[in-house]
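Working notes for the structure below.
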Amino acid sequence: MTPLVAFRVAALRSRVTVMVTAKRWSSANDGALLKDLPKSWTFTRSLPADAIFPTPAASHKTPREQIRPRQVLHAAFTWVRPEQQTDPELLAVSAASLRDIGIREGEEKTDDFRQFAAGNKLYGWDEMNLEGGYPWAQCYGGFQFGQWAGQLGDGRAISLFESTNPASGTRYELQLKGAGRTPYSRFADGKAVLRSSIREFLVSEALNALNIPTTRALSLTLLPHSQVRRESLEPGAIVLRYAQSWLRLGNFDILRARGDRDLIRKLASYIAEHVFHGWGSLPARLDDPDNAGESPVPKRGIASDAVQGPEATAENRFVRLYREIVRRNATTVAAWQAYGFMNGVLNTDNTSIYGLSLDFGPFAFMDNFDPEYTPNHDDHMLRYSFKNQPTIIWWNLIRLGEALGELMGAGAEVDDESFITEGVKDGQEHRIVDRAQKLIMQTGEEYKAIFLAEYKRLMTARLGLRHFKESDFEALFSSALDTMQALELDFNHFFRRLSGLRLAEIATPEAREEKSCIFFHREGPPKDIGEVEARRQLASWLEKWHARVTEDWSDGGDGLSTARDGERIRAMESVNPNFVLRGWILDEVIRRVEKDGERDVLHRILHMALNPFEAEWDSKIFDNCVWKGDAEEEKRWVGDVPRTERAMQCSCSS
């Protein structure tokens with residue numbers, strides 16, 4: 001089935017911003033010790049294991065070196081333990097992650113934690129009696145750069161257990177990346193290099209601090225006796241990461257390619273019942289009479305103006321599951337666009353069922369605004385460029401729709417015993433395919449609606465407005481992006497510097513032209529445009545913005561008071577980061593850690609990434625403690641990106 005649901009989202013050049021409040025935690029942490037942390041293995045108890053190792057004991061009794069790459073059929077995972085590491089060095093731990101998982105503060109200083117973070121210590125498994133919970137690696141496939149790549153799977157990631165934080169009720173799956181070869185490693189070594197591990201550790205926490213849905217990172221461990229060959233020999237490392245779910249669209253891709261309809265149904269049911277907390281939590285049916293003419297029940301505060309009423313095709317619960325996955329991904333890609341984030345490799349195996357930013361290779365945040373930019377230097381066709389991300393995610397979601405097509409197209413017959421056991425009968429094919437195609441196309445309209453609604457919400461906040469007007473999209477959003485591109489302005493600096501402008505400072509044409517210089521790089525505007533024309537263009541946009549903010553904040557009065565304008569500035573500074581984890585900063589940190597043996601620089605950059613909206617960090621109080629940073633380093637990292645290090649690219653190798 002190949003539904004022709006190609007579309008271009010109107011806001012491809014845009015970016016979605018989330019209403020963000022700087023995170024603060026109490027210094028008192030009532031979390032648990034590692035040994036007492038609640039642990040579960042719902043995934044492995046709900047889905048079929050690799051038949052070669054049907055039990056954890058069978059895997060555990062097999063010498064580690066005999067667990068080699070191969071095709072794994074009719075299974076969701078393989079039991080496999082991490083490799084043992086010698087003298088691991090714990091480089092960094094995210095305090096935010098400790099608290100979110102529910103681990104007691106101070107536990108990260110113990111040797112048990114260091115060994116756990118390196119994969120040397122298993123919790124929940126009884127070594128003597130060969131029973132209890134056991135680590136595993138997932139089986140999945142994927143479309144890479146639009147081409148079917150076959151079985152992929154967790155080639156160097158090994159999940160340990162799930163843990164539910166009693167305080168928040170959120171369940172996370174903890175996983176080691178770089179912990180050794182699995183049956184899904186293909187020709188690789190199952191290892192990760194320090195360079196890429198630093199990047200993933202930091203960006204996971206940076207995205208979360210911006211309220212962009214993402215997988216998370218708890219710790220970063222150096223393996224001093226591990227040398228990994230990539231382009232050259234590099235030191236090995238492990239990231240202990242976690243997520244509400246590590247399932248990807250690729251988990252369905254491999255089952256569809258193999259025609260494993262029974263496991264597709266089991267996996268879809270597992271996701272609805274155990275990842276999304278039950279079928280009743282999914283979006284309301286579009287064809288429900290109670291919803292006729294209205295939007296579906298909003299999820300996570302996101303409005304939808306998708307197609308409704310009698311034109312909607314009848315849905316069963318698997319359609320609603322598909323829509324939930326689509327809606328989550330629409331929200332996330334909107335946030336990427338609003339904050340100028342690019343994953344760099346949006347293959348289906350890197351697209352999350354839960355709607356998380358997932359698997360960070362050649363990622364980047366935007367420097368000078370350029371919708372054609374891709375951080376992946378192997379992406380010669382610009383498939384995963386900034387402007388293409390919304391369309392590519394939808395292309396990936398169509399592949400998911402094709403995998404679920406039989407279940408969605410079956411309609412009310414999906415639970416008939418004959419359909420479950422025998423599948424589609426002769427004469428039913430065209431009806432089921434046609435219904436599934438229509439449902440996928442209908443969900444595509446919902447994807448666009450959710451994306452645009454979230455994008456508008458975020459951009460409205462980033463531009464300091466309380467209420468969105470349809471005219472804002474072209475008059476402010478699009479024109480701001482056009483101006484940034486024409487004048488080669490830094491994307492995130494534009495919003496942060498705009499945040500600090502008081503309306504009184506740009507009340508006249510002359511004042512606007514004078515103030516426009518704050519948006520330029522040190523070298524000034526492009527030579528082919530010239531400073532006079534560049535100032536004129538910025539002043540023209542500032543005039544529209546000034547008028548719109550005044551209208552939005554004055555509540556019908558004359559002008560805007562100083563107090564109200566101060567409130568607007570604070571609101572903008574709470575959603576427009578001062579610190580962004582840029583490529584050149586990451587390269588510097590990697591060099592200083594790997595080549596120069598520095599360690600404190602990791603703690604300083606992590607602290608800034610966890611608190612990106614602050615005006616400064618050094619000597620400020622955080623969690624009732626004075627933070628000792630490096631004021632000069634901070635100033636440099638939030639300042640101009642060096643001209644030769646803008647729009648950096650890197651490879652997928654890690």
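Residues are named by chain letter and number: chains run A, B, ... in the order of the structure tokens, numbers start at 1 in each chain, and ligands are numbered from 1 in the order shown.
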
Inset, instruction - With a distance cut-off of 9 Å and only C-alpha atoms, select the neighbouring residues of Leu267 (chain A), excluding the residue or stretch itself and same-chain residues fewer than 3 positions from it, and output the selection as a PyMOL selection string. - result: chain A and resi 46-47+76+251-252+262-264+270-272

Inset, instruction - Identify all residues of region 226-466 of chain A in helix (DSSP H, G or I) (DSSP on the backbone) and supply them as JSON, numbers by chain. - result: {"A": [250, 251, 252, 253, 254, 255, 256, 257, 258, 261, 262, 263, 264, 265, 266, 267, 268, 269, 270, 271, 272, 273, 274, 275, 279, 280, 281, 289, 290, 291, 309, 310, 311, 317, 318, 319, 320, 321, 322, 323, 324, 325, 326, 327, 328, 329, 330, 331, 332, 333, 334, 335, 336, 337, 338, 339, 348, 349, 350, 386, 387, 388, 389, 390, 391, 392, 393, 394, 395, 396, 397, 398, 399, 400, 401, 402, 403, 405, 406, 407, 408, 409, 411, 412, 413, 414, 415, 417, 418, 419, 420, 421, 422, 429, 430, 431, 432, 433, 434, 435, 436, 437, 438, 439, 440, 441, 442, 443, 444, 445, 446, 447, 448, 449, 450, 451, 452, 453, 454, 455, 456, 457, 458, 459, 460, 461, 462]}

Legend entry - Selection near Gly259 (chain A), 12 Å with only C-alpha atoms, sequence-local residues under 6 positions removed, as an MDAnalysis selection string: chainID A and resid 73:74 252:253 265 402:404 406 423

Closest contacts (region 37-141 of chain A/region 588-604 of chain A, max 9 Å, only C-alpha atoms) as JSON lines:
```
{"residue": "A:Leu91", "atom": "CA", "partner": "A:Arg599", "partner_atom": "CA", "distance": 6.9}
{"residue": "A:Ala92", "atom": "CA", "partner": "A:His603", "partner_atom": "CA", "distance": 6.8}
{"residue": "A:Val93", "atom": "CA", "partner": "A:His603", "partner_atom": "CA", "distance": 8.4}
{"residue": "A:Ser94", "atom": "CA", "partner": "A:His603", "partner_atom": "CA", "distance": 8.9}
```

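In terms of minimum interatomic distance to Glu105 (chain A), A:Leu33 ranks closest within A:Leu33, A:Gln485, A:Leu174, A:Gln147, counting only C-alpha atoms.
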